[in-house]
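As provided, model.cif (mmCIF, C-alpha atoms and all ligand atoms) reads as follows.
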```
data_query
loop_
_atom_site.group_PDB
_atom_site.id
_atom_site.type_symbol
_atom_site.label_atom_id
_atom_site.label_comp_id
_atom_site.auth_asym_id
_atom_site.auth_seq_id
_atom_site.Cartn_x
_atom_site.Cartn_y
_atom_site.Cartn_z
ATOM 1 C CA MET T 12 -129.946 44.315 -60.347
ATOM 2 C CA ILE T 13 -132.531 42.080 -58.747
ATOM 3 C CA THR T 14 -135.989 43.091 -59.872
ATOM 4 C CA ARG T 15 -139.345 41.685 -58.845
ATOM 5 C CA ARG T 16 -139.536 40.211 -62.319
ATOM 6 C CA SER T 17 -136.351 38.190 -61.894
ATOM 7 C CA VAL T 18 -137.394 37.048 -58.444
ATOM 8 C CA LEU T 19 -140.782 35.976 -59.689
ATOM 9 C CA THR T 20 -139.291 34.253 -62.696
ATOM 10 C CA GLY T 21 -137.182 32.253 -60.299
ATOM 11 C CA ALA T 22 -140.254 31.447 -58.257
ATOM 12 C CA ALA T 23 -142.059 30.251 -61.365
ATOM 13 C CA LEU T 24 -139.141 27.979 -62.250
ATOM 14 C CA LEU T 25 -139.477 26.443 -58.836
ATOM 15 C CA GLY T 26 -143.144 25.819 -59.461
ATOM 16 C CA VAL T 27 -144.198 28.421 -56.939
ATOM 17 C CA SER T 28 -147.465 30.177 -57.680
ATOM 18 C CA ALA T 29 -146.579 33.829 -57.938
ATOM 19 C CA PHE T 30 -148.394 37.057 -58.675
ATOM 20 C CA SER T 31 -146.385 37.456 -61.879
ATOM 21 C CA THR T 32 -148.238 34.543 -63.399
ATOM 22 C CA ARG T 33 -151.401 36.627 -63.338
ATOM 23 C CA VAL T 34 -149.776 39.652 -64.911
ATOM 24 C CA HIS T 35 -147.578 37.785 -67.345
ATOM 25 C CA GLY T 36 -145.961 40.001 -69.890
ATOM 26 C CA ALA T 37 -146.557 43.097 -67.787
ATOM 27 C CA CYS T 38 -142.970 44.192 -68.323
ATOM 28 C CA SER T 39 -142.882 43.563 -72.052
ATOM 29 C CA VAL T 40 -143.438 46.797 -73.910
ATOM 30 C CA PHE T 41 -146.280 47.397 -76.317
ATOM 31 C CA THR T 42 -145.402 46.741 -79.936
ATOM 32 C CA ARG T 43 -147.493 47.478 -83.025
ATOM 33 C CA ALA T 44 -148.533 43.829 -83.150
ATOM 34 C CA LYS T 45 -149.475 43.775 -79.486
ATOM 35 C CA GLN T 46 -151.391 47.024 -79.895
ATOM 36 C CA ALA T 47 -153.248 45.733 -82.964
ATOM 37 C CA ALA T 48 -154.311 42.611 -81.089
ATOM 38 C CA ILE T 49 -155.889 44.372 -78.130
ATOM 39 C CA THR T 50 -159.545 45.464 -78.294
ATOM 40 C CA PRO T 51 -160.898 48.677 -76.730
ATOM 41 C CA GLU T 52 -162.671 46.535 -74.128
ATOM 42 C CA GLN T 53 -159.457 44.719 -73.276
ATOM 43 C CA ALA T 54 -157.647 48.050 -73.057
ATOM 44 C CA LEU T 55 -160.181 49.234 -70.488
ATOM 45 C CA GLU T 56 -159.844 46.000 -68.563
ATOM 46 C CA ARG T 57 -156.072 46.391 -68.563
ATOM 47 C CA LEU T 58 -156.364 49.784 -66.890
ATOM 48 C CA LYS T 59 -158.879 48.456 -64.352
ATOM 49 C CA GLU T 60 -156.521 45.622 -63.463
ATOM 50 C CA GLY T 61 -153.626 48.053 -63.174
ATOM 51 C CA ASN T 62 -155.548 50.279 -60.770
ATOM 52 C CA ALA T 63 -156.519 47.247 -58.718
ATOM 53 C CA ARG T 64 -152.835 46.362 -58.372
ATOM 54 C CA PHE T 65 -152.054 49.975 -57.450
ATOM 55 C CA VAL T 66 -154.723 50.066 -54.745
ATOM 56 C CA ALA T 67 -153.640 46.689 -53.383
ATOM 57 C CA GLY T 68 -149.981 47.714 -53.250
ATOM 58 C CA ARG T 69 -149.067 44.979 -55.705
ATOM 59 C CA THR T 70 -147.703 47.011 -58.578
ATOM 60 C CA VAL T 71 -145.536 45.352 -61.182
ATOM 61 C CA GLN T 72 -141.869 46.174 -60.736
ATOM 62 C CA CYS T 73 -140.145 46.443 -64.092
ATOM 63 C CA ASP T 74 -136.639 47.492 -65.021
ATOM 64 C CA LEU T 75 -137.385 50.869 -66.597
ATOM 65 C CA ARG T 76 -133.958 50.975 -68.251
ATOM 66 C CA GLU T 77 -134.880 47.847 -70.177
ATOM 67 C CA GLN T 78 -138.081 49.513 -71.259
ATOM 68 C CA VAL T 79 -136.287 52.640 -72.408
ATOM 69 C CA GLN T 80 -134.176 50.453 -74.656
ATOM 70 C CA ALA T 81 -137.154 48.411 -75.840
ATOM 71 C CA THR T 82 -139.132 51.508 -76.831
ATOM 72 C CA ALA T 83 -136.247 53.463 -78.327
ATOM 73 C CA GLY T 84 -137.283 52.501 -81.848
ATOM 74 C CA GLY T 85 -140.924 53.548 -81.568
ATOM 75 C CA GLN T 86 -144.075 53.492 -79.484
ATOM 76 C CA ALA T 87 -147.438 51.757 -79.713
ATOM 77 C CA PRO T 88 -149.450 52.732 -76.585
ATOM 78 C CA PHE T 89 -152.785 50.987 -76.108
ATOM 79 C CA ALA T 90 -154.597 53.871 -74.386
ATOM 80 C CA ALA T 91 -154.579 57.623 -73.830
ATOM 81 C CA ILE T 92 -155.464 59.406 -70.608
ATOM 82 C CA LEU T 93 -156.718 62.973 -70.327
ATOM 83 C CA GLY T 94 -156.067 63.841 -66.714
ATOM 84 C CA CYS T 95 -155.521 66.717 -64.335
ATOM 85 C CA MET T 96 -152.062 68.112 -63.610
ATOM 86 C CA ASP T 97 -152.545 67.363 -59.894
ATOM 87 C CA SER T 98 -149.349 65.833 -58.487
ATOM 88 C CA ARG T 99 -151.355 63.098 -56.732
ATOM 89 C CA VAL T 100 -152.816 61.656 -59.927
ATOM 90 C CA PRO T 101 -150.010 60.437 -62.219
ATOM 91 C CA PRO T 102 -151.811 58.104 -64.668
ATOM 92 C CA GLU T 103 -148.854 55.783 -65.226
ATOM 93 C CA LEU T 104 -148.706 55.064 -61.496
ATOM 94 C CA VAL T 105 -152.441 55.094 -60.818
ATOM 95 C CA PHE T 106 -153.003 52.513 -63.569
ATOM 96 C CA ASP T 107 -149.710 50.709 -62.925
ATOM 97 C CA GLN T 108 -148.470 51.083 -66.497
ATOM 98 C CA VAL T 109 -144.937 51.445 -67.737
ATOM 99 C CA ILE T 110 -142.966 53.189 -70.433
ATOM 100 C CA GLY T 111 -144.634 53.041 -73.822
ATOM 101 C CA ASP T 112 -148.008 51.830 -72.510
ATOM 102 C CA ILE T 113 -150.144 54.976 -72.445
ATOM 103 C CA PHE T 114 -150.291 58.484 -73.818
ATOM 104 C CA VAL T 115 -150.978 61.068 -71.124
ATOM 105 C CA VAL T 116 -152.354 64.558 -71.663
ATOM 106 C CA ARG T 117 -152.559 66.557 -68.460
ATOM 107 C CA ILE T 118 -154.072 69.944 -67.797
ATOM 108 C CA ALA T 119 -155.604 71.567 -64.708
ATOM 109 C CA GLY T 120 -159.210 70.382 -64.558
ATOM 110 C CA ASN T 121 -158.838 67.777 -67.363
ATOM 111 C CA PHE T 122 -160.903 69.818 -69.807
ATOM 112 C CA VAL T 123 -160.947 69.650 -73.587
ATOM 113 C CA ASN T 124 -159.798 72.309 -76.010
ATOM 114 C CA THR T 125 -158.542 72.284 -79.582
ATOM 115 C CA ASP T 126 -154.974 71.452 -78.609
ATOM 116 C CA ILE T 127 -156.081 68.563 -76.422
ATOM 117 C CA LEU T 128 -158.311 67.255 -79.224
ATOM 118 C CA GLY T 129 -155.431 67.405 -81.681
ATOM 119 C CA SER T 130 -153.181 65.510 -79.306
ATOM 120 C CA LEU T 131 -155.774 62.795 -78.787
ATOM 121 C CA GLU T 132 -156.460 62.554 -82.519
ATOM 122 C CA TYR T 133 -152.764 61.851 -82.951
ATOM 123 C CA ALA T 134 -152.738 59.314 -80.111
ATOM 124 C CA THR T 135 -155.581 57.341 -81.677
ATOM 125 C CA GLN T 136 -155.843 57.854 -85.431
ATOM 126 C CA VAL T 137 -152.106 58.076 -86.032
ATOM 127 C CA ALA T 138 -150.520 56.157 -83.171
ATOM 128 C CA GLY T 139 -153.242 53.545 -82.715
ATOM 129 C CA ALA T 140 -154.412 53.844 -79.092
ATOM 130 C CA LYS T 141 -157.713 51.985 -78.578
ATOM 131 C CA LEU T 142 -159.075 53.783 -75.521
ATOM 132 C CA ILE T 143 -159.329 57.324 -74.182
ATOM 133 C CA VAL T 144 -160.033 57.850 -70.501
ATOM 134 C CA VAL T 145 -160.950 61.255 -69.099
ATOM 135 C CA LEU T 146 -159.698 61.023 -65.539
ATOM 136 C CA GLY T 147 -160.997 63.517 -63.012
ATOM 137 C CA HIS T 148 -160.148 63.292 -59.327
ATOM 138 C CA THR T 149 -161.384 64.171 -55.872
ATOM 139 C CA ASP T 150 -160.190 67.332 -54.142
ATOM 140 C CA CYS T 151 -159.422 68.933 -57.524
ATOM 141 C CA GLY T 152 -158.108 72.461 -57.042
ATOM 142 C CA ALA T 153 -159.114 73.420 -60.568
ATOM 143 C CA VAL T 154 -162.708 72.300 -60.055
ATOM 144 C CA LYS T 155 -162.844 74.060 -56.691
ATOM 145 C CA GLY T 156 -161.317 77.187 -58.210
ATOM 146 C CA ALA T 157 -163.870 77.163 -61.025
ATOM 147 C CA ILE T 158 -166.736 76.817 -58.546
ATOM 148 C CA GLU T 159 -165.348 79.725 -56.538
ATOM 149 C CA GLU T 160 -164.788 81.705 -59.748
ATOM 150 C CA VAL T 161 -161.147 82.347 -58.936
ATOM 151 C CA LYS T 162 -159.569 85.106 -61.002
ATOM 152 C CA LEU T 163 -155.828 84.958 -61.597
ATOM 153 C CA GLY T 164 -153.936 85.821 -64.763
ATOM 154 C CA ASN T 165 -154.387 83.195 -67.452
ATOM 155 C CA LEU T 166 -155.874 80.791 -64.924
ATOM 156 C CA THR T 167 -159.149 82.672 -65.229
ATOM 157 C CA ALA T 168 -159.587 81.568 -68.841
ATOM 158 C CA ALA T 169 -158.422 78.030 -68.075
ATOM 159 C CA LEU T 170 -160.959 77.574 -65.288
ATOM 160 C CA ALA T 171 -163.735 78.916 -67.517
ATOM 161 C CA ASN T 172 -163.530 75.577 -69.364
ATOM 162 C CA ILE T 173 -164.971 73.901 -66.266
ATOM 163 C CA ARG T 174 -167.859 76.342 -65.964
ATOM 164 C CA PRO T 175 -170.289 74.451 -68.258
ATOM 165 C CA ALA T 176 -170.083 71.348 -66.054
ATOM 166 C CA ILE T 177 -170.812 73.432 -62.956
ATOM 167 C CA LEU T 178 -173.890 74.950 -64.568
ATOM 168 C CA GLU T 179 -175.198 71.524 -65.523
ATOM 169 C CA VAL T 180 -175.267 70.288 -61.934
ATOM 170 C CA THR T 181 -178.667 71.535 -60.866
ATOM 171 C CA ASP T 182 -180.100 68.587 -58.939
ATOM 172 C CA VAL T 183 -177.935 68.615 -55.808
ATOM 173 C CA GLU T 184 -179.478 69.946 -52.621
ATOM 174 C CA GLY T 185 -177.721 72.456 -50.432
ATOM 175 C CA PRO T 186 -175.406 75.308 -51.280
ATOM 176 C CA HIS T 187 -173.585 75.047 -54.579
ATOM 177 C CA ASP T 188 -170.171 75.709 -53.131
ATOM 178 C CA VAL T 189 -166.991 73.730 -52.444
ATOM 179 C CA ASN T 190 -168.041 72.934 -48.867
ATOM 180 C CA ASN T 191 -170.983 70.881 -50.136
ATOM 181 C CA LYS T 192 -169.292 67.515 -50.741
ATOM 182 C CA LYS T 193 -172.155 66.149 -52.819
ATOM 183 C CA PHE T 194 -172.098 69.171 -55.086
ATOM 184 C CA LEU T 195 -168.301 69.058 -55.437
ATOM 185 C CA ARG T 196 -168.452 65.364 -56.288
ATOM 186 C CA ALA T 197 -171.240 65.913 -58.798
ATOM 187 C CA VAL T 198 -169.323 68.696 -60.542
ATOM 188 C CA THR T 199 -166.158 66.582 -60.585
ATOM 189 C CA GLU T 200 -168.014 63.706 -62.228
ATOM 190 C CA ARG T 201 -169.914 65.949 -64.621
ATOM 191 C CA ASN T 202 -166.702 67.674 -65.648
ATOM 192 C CA ALA T 203 -165.207 64.316 -66.620
ATOM 193 C CA THR T 204 -168.284 63.042 -68.483
ATOM 194 C CA TYR T 205 -168.722 66.436 -70.152
ATOM 195 C CA ALA T 206 -165.129 66.336 -71.442
ATOM 196 C CA ALA T 207 -165.630 62.759 -72.634
ATOM 197 C CA ALA T 208 -168.764 63.777 -74.543
ATOM 198 C CA LEU T 209 -166.947 66.701 -76.134
ATOM 199 C CA LEU T 210 -164.327 64.377 -77.592
ATOM 200 C CA THR T 211 -166.768 62.909 -80.079
ATOM 201 C CA ALA T 212 -168.962 66.005 -80.353
ATOM 202 C CA ARG T 213 -166.054 68.201 -81.392
ATOM 203 C CA SER T 214 -163.787 65.767 -83.206
ATOM 204 C CA GLU T 215 -164.914 64.031 -86.370
ATOM 205 C CA VAL T 216 -161.728 61.978 -86.252
ATOM 206 C CA LEU T 217 -162.488 60.604 -82.791
ATOM 207 C CA GLY T 218 -166.191 60.228 -83.582
ATOM 208 C CA ASP T 219 -165.475 58.131 -86.650
ATOM 209 C CA LEU T 220 -163.040 55.907 -84.734
ATOM 210 C CA VAL T 221 -165.682 55.297 -82.069
ATOM 211 C CA ASN T 222 -168.338 54.530 -84.680
ATOM 212 C CA ASP T 223 -165.982 52.091 -86.353
ATOM 213 C CA HIS T 224 -165.442 50.381 -82.980
ATOM 214 C CA LYS T 225 -161.742 51.154 -83.155
ATOM 215 C CA LEU T 226 -161.895 53.414 -80.110
ATOM 216 C CA MET T 227 -163.708 53.530 -76.779
ATOM 217 C CA ILE T 228 -164.061 56.602 -74.609
ATOM 218 C CA ALA T 229 -164.558 56.297 -70.859
ATOM 219 C CA SER T 230 -164.573 58.669 -67.913
ATOM 220 C CA ALA T 231 -163.593 58.107 -64.312
ATOM 221 C CA VAL T 232 -162.757 59.797 -61.033
ATOM 222 C CA HIS T 233 -159.635 58.987 -59.047
ATOM 223 C CA ASP T 234 -159.923 59.186 -55.256
ATOM 224 C CA VAL T 235 -156.780 60.836 -53.933
ATOM 225 C CA SER T 236 -157.404 59.392 -50.465
ATOM 226 C CA THR T 237 -157.484 55.740 -51.566
ATOM 227 C CA GLY T 238 -155.897 55.593 -55.014
ATOM 228 C CA ALA T 239 -159.010 53.897 -56.385
ATOM 229 C CA VAL T 240 -160.524 54.846 -59.729
ATOM 230 C CA ALA T 241 -164.334 54.881 -59.957
ATOM 231 C CA TRP T 242 -165.657 54.455 -63.501
ATOM 232 C CA LEU T 243 -168.533 56.648 -64.582
ATOM 233 C CA GLY T 244 -171.385 55.104 -66.522
ATOM 234 C CA ASN T 245 -171.025 53.234 -69.738
ATOM 235 C CA PRO T 246 -168.080 54.013 -71.969
ATOM 236 C CA ALA T 247 -168.964 55.680 -75.247
ATOM 237 C CA THR T 248 -169.126 53.142 -78.006
ATOM 238 C CA SER T 249 -170.830 55.321 -80.574
ATOM 239 C CA LYS T 250 -170.780 59.001 -81.310
ATOM 240 C CA PRO T 251 -173.873 61.212 -81.179
ATOM 241 C CA THR T 252 -175.972 60.512 -84.229
ATOM 242 C CA THR T 253 -177.610 63.913 -84.613
ATOM 243 C CA SER T 254 -176.340 67.432 -84.475
ATOM 244 C CA ASN T 255 -178.739 68.064 -81.602
ATOM 245 C CA GLN T 256 -177.137 65.343 -79.551
ATOM 246 C CA ALA T 257 -173.699 66.654 -80.370
ATOM 247 C CA SER T 258 -174.572 70.175 -79.393
ATOM 248 C CA GLY T 259 -176.316 68.779 -76.347
ATOM 249 C CA ALA T 260 -172.919 67.885 -74.986
ATOM 250 C CA ARG T 261 -172.186 71.578 -74.946
ATOM 251 C CA ARG T 262 -175.510 73.067 -74.086
ATOM 252 C CA SER T 263 -177.669 70.466 -72.385
ATOM 253 C CA GLY T 264 -180.014 71.711 -69.726
ATOM 254 C CA ASN T 265 -179.495 75.351 -70.381
ATOM 255 C CA ASP T 266 -180.098 77.479 -73.399
ATOM 256 C CA ARG T 267 -176.780 79.172 -73.040
ATOM 257 C CA VAL T 268 -175.385 81.351 -75.762
ATOM 258 C CA LEU T 269 -171.676 81.779 -76.093
ATOM 259 C CA ARG T 270 -170.522 85.097 -77.410
ATOM 260 C CA ASP T 271 -167.280 86.671 -78.356
ATOM 261 C CA PRO T 272 -167.300 90.104 -76.724
ATOM 262 C CA ASP T 273 -164.940 91.474 -79.368
ATOM 263 C CA GLY T 274 -167.022 90.401 -82.327
ATOM 264 C CA ASP T 275 -170.465 90.422 -80.705
ATOM 265 C CA LYS T 276 -171.301 87.147 -82.371
ATOM 266 C CA ALA T 277 -171.859 83.659 -81.156
ATOM 267 C CA CYS T 278 -168.656 81.731 -80.688
ATOM 268 C CA ALA T 279 -168.661 78.667 -82.884
ATOM 269 C CA ASP T 280 -166.542 76.932 -80.315
ATOM 270 C CA PRO T 281 -167.659 77.220 -76.695
ATOM 271 C CA GLN T 282 -164.268 75.985 -75.552
ATOM 272 C CA ASP T 283 -162.454 78.629 -77.519
ATOM 273 C CA HIS T 284 -161.307 80.707 -74.632
ATOM 274 C CA ASP T 285 -158.496 82.141 -76.713
ATOM 275 C CA ARG T 286 -161.282 84.305 -78.054
ATOM 276 C CA HIS T 287 -162.584 84.875 -74.552
ATOM 277 C CA CYS T 288 -165.991 83.471 -75.359
ATOM 278 C CA THR T 289 -168.349 84.213 -72.525
ATOM 279 C CA GLU T 290 -171.687 82.809 -71.605
ATOM 280 C CA GLU T 291 -174.959 84.637 -71.832
ATOM 281 C CA ARG T 292 -178.303 83.398 -70.664
HETATM 282 ZN ZN ZN Q 1 -157.228 68.565 -60.420
#
```
Take the structure in the file and give it back as structure tokens.
Amino acid sequence: MITRRSVLTGAALLGVSAFSTRVHGACSVFTRAKQAAITPEQALERLKEGNARFVAGRTVQCDLREQVQATAGGQAPFAAILGCMDSRVPPELVFDQVIGDIFVVRIAGNFVNTDILGSLEYATQVAGAKLIVVLGHTDCGAVKGAIEEVKLGNLTAALANIRPAILEVTDVEGPHDVNNKKFLRAVTERNATYAAALLTARSEVLGDLVNDHKLMIASAVHDVSTGAVAWLGNPATSKPTTSNQASGARRSGNDRVLRDPDGDKACADPQDHDRHCTEER
């Protein structure tokens, strides 16, 4: 089978400047040694470069069967992505990564709950990933559904996880509905940064890794009309230092109280929708 890699290798032998020379090693899988050598900053740069290739239509073409064989004995991904389930936002493709490169956790609306936290604690503390990216996206049905307060089976509880981000967007003019593009964009961004903040606010494991500079947390929004990823603010390089700051990730801007209607007591975990925590003002 003729792959781009073999063609480019041939080009290199002939002394021809080829794109592969700028993405050398792109088809070699991540090993423990390779993972240990990469810094969180380099991991972020690797994803940025991958998205640039994706947008430019210059993705690396690797023989995936070779990679299956190369990763059969274990994995050492350099990053983890928390993204939406939307079919237009597959992280491996959007960031032009291949088998064994990244962990991917996907759920409608890319929110954080206990199960997501546990998965990401495994990806980082146990498996060694250096970067977590919360990846929201434009035209997100989950975000739109949460804004419109859609009620449907278990989806109702799932969308409630996006509600805090909606309530925190108070500075956008015009109607706060899905037809207001600025409001929708602001909620989409806030939902991603809110989830990123929760990672360290709710996980001591992740917070300690960040404080030890072994992990970076970033948030971004993928544009489904262009394929481009826009990065939001500065990546987290330290966890909140006070309990106020940590709780601020959950309650900033509003003095909301979360209550469990069954127990009539404040929910310790505002994301604990298994207990059907609801908000009170
Ligand atoms: Zn979505």
**Message:** If the PyMOL selection byres (((not hetatm)) within 8 of (chain Q and resi 1)) were run on this exact file, what residues would it hold? Put them as JSON, numbers by chain.
**Reply:** {"T": [94, 95, 96, 97, 119, 120, 121, 147, 148, 149, 150, 151, 152, 153, 154]}
Residues as selected, C-alpha atoms, written as a PDB file, keeping the file's coordinate frame, can you do that?
```pdb
ATOM      1  CA  GLY T  94    -156.067  63.841 -66.714  1.00  0.00           C
ATOM      2  CA  CYS T  95    -155.521  66.717 -64.335  1.00  0.00           C
ATOM      3  CA  MET T  96    -152.062  68.112 -63.610  1.00  0.00           C
ATOM      4  CA  ASP T  97    -152.545  67.363 -59.894  1.00  0.00           C
ATOM      5  CA  ALA T 119    -155.604  71.567 -64.708  1.00  0.00           C
ATOM      6  CA  GLY T 120    -159.210  70.382 -64.558  1.00  0.00           C
ATOM      7  CA  ASN T 121    -158.838  67.777 -67.363  1.00  0.00           C
ATOM      8  CA  GLY T 147    -160.997  63.517 -63.012  1.00  0.00           C
ATOM      9  CA  HIS T 148    -160.148  63.292 -59.327  1.00  0.00           C
ATOM     10  CA  THR T 149    -161.384  64.171 -55.872  1.00  0.00           C
ATOM     11  CA  ASP T 150    -160.190  67.332 -54.142  1.00  0.00           C
ATOM     12  CA  CYS T 151    -159.422  68.933 -57.524  1.00  0.00           C
ATOM     13  CA  GLY T 152    -158.108  72.461 -57.042  1.00  0.00           C
ATOM     14  CA  ALA T 153    -159.114  73.420 -60.568  1.00  0.00           C
ATOM     15  CA  VAL T 154    -162.708  72.300 -60.055  1.00  0.00           C
TER      16      VAL T 154
END
```
All residues 6 Å or closer to segment 172-177 of chain T, all atoms listed in the file, same chain fewer than 6 positions away omitted, as a PDB file with C-alpha atoms, keeping the file's coordinate frame:
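The result, stored in out-v7.pdb:
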```pdb
ATOM      1  CA  VAL T 198    -169.323  68.696 -60.542  1.00  0.00           C
ATOM      2  CA  ARG T 201    -169.914  65.949 -64.621  1.00  0.00           C
ATOM      3  CA  ASN T 202    -166.702  67.674 -65.648  1.00  0.00           C
TER       4      ASN T 202
END
```
**Request:** Step by step, work through what the PyMOL selection byres (((chain T and resi 205) around 9) and not hetatm) selects in the shown file, and finish by giving those residues as number ranges by chain.
**Result:** T: 122, 175-176, 200-204, 206-210, 260-261
Neighbouring residues of segment 237-243 of chain T were defined as those with any atom within 8 Å, considering only C-alpha atoms; residues of the same chain fewer than 4 positions away were excluded. Please report them as a PDB file with C-alpha atoms, keeping the file's coordinate frame.
```
ATOM      1  CA  ASN T  62    -155.548  50.279 -60.770  1.00  0.00           C
ATOM      2  CA  ALA T  63    -156.519  47.247 -58.718  1.00  0.00           C
ATOM      3  CA  PHE T  65    -152.054  49.975 -57.450  1.00  0.00           C
ATOM      4  CA  VAL T  66    -154.723  50.066 -54.745  1.00  0.00           C
ATOM      5  CA  VAL T 105    -152.441  55.094 -60.818  1.00  0.00           C
ATOM      6  CA  GLU T 200    -168.014  63.706 -62.228  1.00  0.00           C
ATOM      7  CA  THR T 204    -168.284  63.042 -68.483  1.00  0.00           C
ATOM      8  CA  ALA T 229    -164.558  56.297 -70.859  1.00  0.00           C
ATOM      9  CA  SER T 230    -164.573  58.669 -67.913  1.00  0.00           C
ATOM     10  CA  ALA T 231    -163.593  58.107 -64.312  1.00  0.00           C
ATOM     11  CA  VAL T 232    -162.757  59.797 -61.033  1.00  0.00           C
ATOM     12  CA  HIS T 233    -159.635  58.987 -59.047  1.00  0.00           C
TER      13      HIS T 233
END
```
**Item:** Residue with smallest distance to Ala197 of chain T - pool T:Thr42, T:Gln86, T:Thr181, T:Gln80, counting only C-alpha atoms
**Value:**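 The shortest atom-to-atom distance to Ala197 of chain T comes from T:Thr181.
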**Request:** Could you tell me which residues the PyMOL selection byres (((chain T and resi 132) around 12) and not hetatm) grabs in this file, written as number ranges by chain?
**Result:** T: 91, 114, 116, 125-131, 133-143, 210-211, 213-221, 226
Given the selection you just returned, output its residues as a file containing C-alpha atoms, formatted as a PDB file, in the coordinates of the input.
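The file below, part.pdb, is the result:
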```
ATOM      1  CA  ALA T  91    -154.579  57.623 -73.830  1.00  0.00           C
ATOM      2  CA  PHE T 114    -150.291  58.484 -73.818  1.00  0.00           C
ATOM      3  CA  VAL T 116    -152.354  64.558 -71.663  1.00  0.00           C
ATOM      4  CA  THR T 125    -158.542  72.284 -79.582  1.00  0.00           C
ATOM      5  CA  ASP T 126    -154.974  71.452 -78.609  1.00  0.00           C
ATOM      6  CA  ILE T 127    -156.081  68.563 -76.422  1.00  0.00           C
ATOM      7  CA  LEU T 128    -158.311  67.255 -79.224  1.00  0.00           C
ATOM      8  CA  GLY T 129    -155.431  67.405 -81.681  1.00  0.00           C
ATOM      9  CA  SER T 130    -153.181  65.510 -79.306  1.00  0.00           C
ATOM     10  CA  LEU T 131    -155.774  62.795 -78.787  1.00  0.00           C
ATOM     11  CA  TYR T 133    -152.764  61.851 -82.951  1.00  0.00           C
ATOM     12  CA  ALA T 134    -152.738  59.314 -80.111  1.00  0.00           C
ATOM     13  CA  THR T 135    -155.581  57.341 -81.677  1.00  0.00           C
ATOM     14  CA  GLN T 136    -155.843  57.854 -85.431  1.00  0.00           C
ATOM     15  CA  VAL T 137    -152.106  58.076 -86.032  1.00  0.00           C
ATOM     16  CA  ALA T 138    -150.520  56.157 -83.171  1.00  0.00           C
ATOM     17  CA  GLY T 139    -153.242  53.545 -82.715  1.00  0.00           C
ATOM     18  CA  ALA T 140    -154.412  53.844 -79.092  1.00  0.00           C
ATOM     19  CA  LYS T 141    -157.713  51.985 -78.578  1.00  0.00           C
ATOM     20  CA  LEU T 142    -159.075  53.783 -75.521  1.00  0.00           C
ATOM     21  CA  ILE T 143    -159.329  57.324 -74.182  1.00  0.00           C
ATOM     22  CA  LEU T 210    -164.327  64.377 -77.592  1.00  0.00           C
ATOM     23  CA  THR T 211    -166.768  62.909 -80.079  1.00  0.00           C
ATOM     24  CA  ARG T 213    -166.054  68.201 -81.392  1.00  0.00           C
ATOM     25  CA  SER T 214    -163.787  65.767 -83.206  1.00  0.00           C
ATOM     26  CA  GLU T 215    -164.914  64.031 -86.370  1.00  0.00           C
ATOM     27  CA  VAL T 216    -161.728  61.978 -86.252  1.00  0.00           C
ATOM     28  CA  LEU T 217    -162.488  60.604 -82.791  1.00  0.00           C
ATOM     29  CA  GLY T 218    -166.191  60.228 -83.582  1.00  0.00           C
ATOM     30  CA  ASP T 219    -165.475  58.131 -86.650  1.00  0.00           C
ATOM     31  CA  LEU T 220    -163.040  55.907 -84.734  1.00  0.00           C
ATOM     32  CA  VAL T 221    -165.682  55.297 -82.069  1.00  0.00           C
ATOM     33  CA  LEU T 226    -161.895  53.414 -80.110  1.00  0.00           C
TER      34      LEU T 226
END
```
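Between atom CA of Ala90 of chain T and atom CA of Ile113 of chain T the interatomic distance comes to 5.0 Å.
Of the residues listed (T:Leu58, T:Val123, T:Ala47, T:Ala87), T:Leu58 shows the shortest atom-to-atom separation from Glu103 of chain T; distances use all atoms listed in the file.
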**Prompt:** Which one of T:Arg43, T:Arg57, T:Arg64, T:His187 sits closest to Thr82 of chain T if you count all atoms listed in the file?
**Reply:**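 Using all atoms listed in the file, Thr82 of chain T sits closest to T:Arg43.
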**Item:** Coordinates-based distance that separates atom CA of Ile158 of chain T from atom CA of Val189 of chain T (Å, one decimal)
**Value:**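 Rounded to one decimal, the two atoms are 6.8 Å apart.
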**Asked** Distance atom CA of Asn222 of chain T-atom CA of Gly85 of chain T, one decimal place?
**Response**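 Calculated distance between atom CA of Asn222 of chain T and atom CA of Gly85 of chain T is 27.6 Å.
Of the listed residues T:Ile92, T:Val71, T:Met227, T:Ala81, the one whose atoms come nearest to Gln53 of chain T is T:Met227, with distances taken using all atoms listed in the file.
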**Item:** Selected residue, from T:Ala67, T:Ile118, T:Leu75, T:Ala44, that lies nearest to Phe89 of chain T when counting only C-alpha atoms
**Value:**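 Once distances to Phe89 of chain T are computed over only C-alpha atoms, the minimum belongs to T:Ala44.
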**Request:** Tell me which of T:Phe106, T:Asp74, T:Gly84, T:Thr167 sits closest to Glu56 of chain T, counting all atoms listed in the file.
**Result:** T:Phe106
**Asked** Asp188 of chain T: which residues within 12 Å, counting all atoms listed in the file, same-chain residues fewer than 2 positions away excluded, as a ChimeraX atom specification?
**Response** /T:154-160,177,180,183-186,190-198
Please dump the current selection as a compact mmCIF listing (two decimals), in the frame of the given file; keep C-alpha atoms.
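The resulting file, selection.txt, is shown below:
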```txt
# COMPACT_ATOMS: atom_id res chain seq x y z
CA VAL T 154 -162.71 72.30 -60.06
CA LYS T 155 -162.84 74.06 -56.69
CA GLY T 156 -161.32 77.19 -58.21
CA ALA T 157 -163.87 77.16 -61.02
CA ILE T 158 -166.74 76.82 -58.55
CA GLU T 159 -165.35 79.72 -56.54
CA GLU T 160 -164.79 81.70 -59.75
CA ILE T 177 -170.81 73.43 -62.96
CA VAL T 180 -175.27 70.29 -61.93
CA VAL T 183 -177.94 68.61 -55.81
CA GLU T 184 -179.48 69.95 -52.62
CA GLY T 185 -177.72 72.46 -50.43
CA PRO T 186 -175.41 75.31 -51.28
CA ASN T 190 -168.04 72.93 -48.87
CA ASN T 191 -170.98 70.88 -50.14
CA LYS T 192 -169.29 67.52 -50.74
CA LYS T 193 -172.16 66.15 -52.82
CA PHE T 194 -172.10 69.17 -55.09
CA LEU T 195 -168.30 69.06 -55.44
CA ARG T 196 -168.45 65.36 -56.29
CA ALA T 197 -171.24 65.91 -58.80
CA VAL T 198 -169.32 68.70 -60.54
```
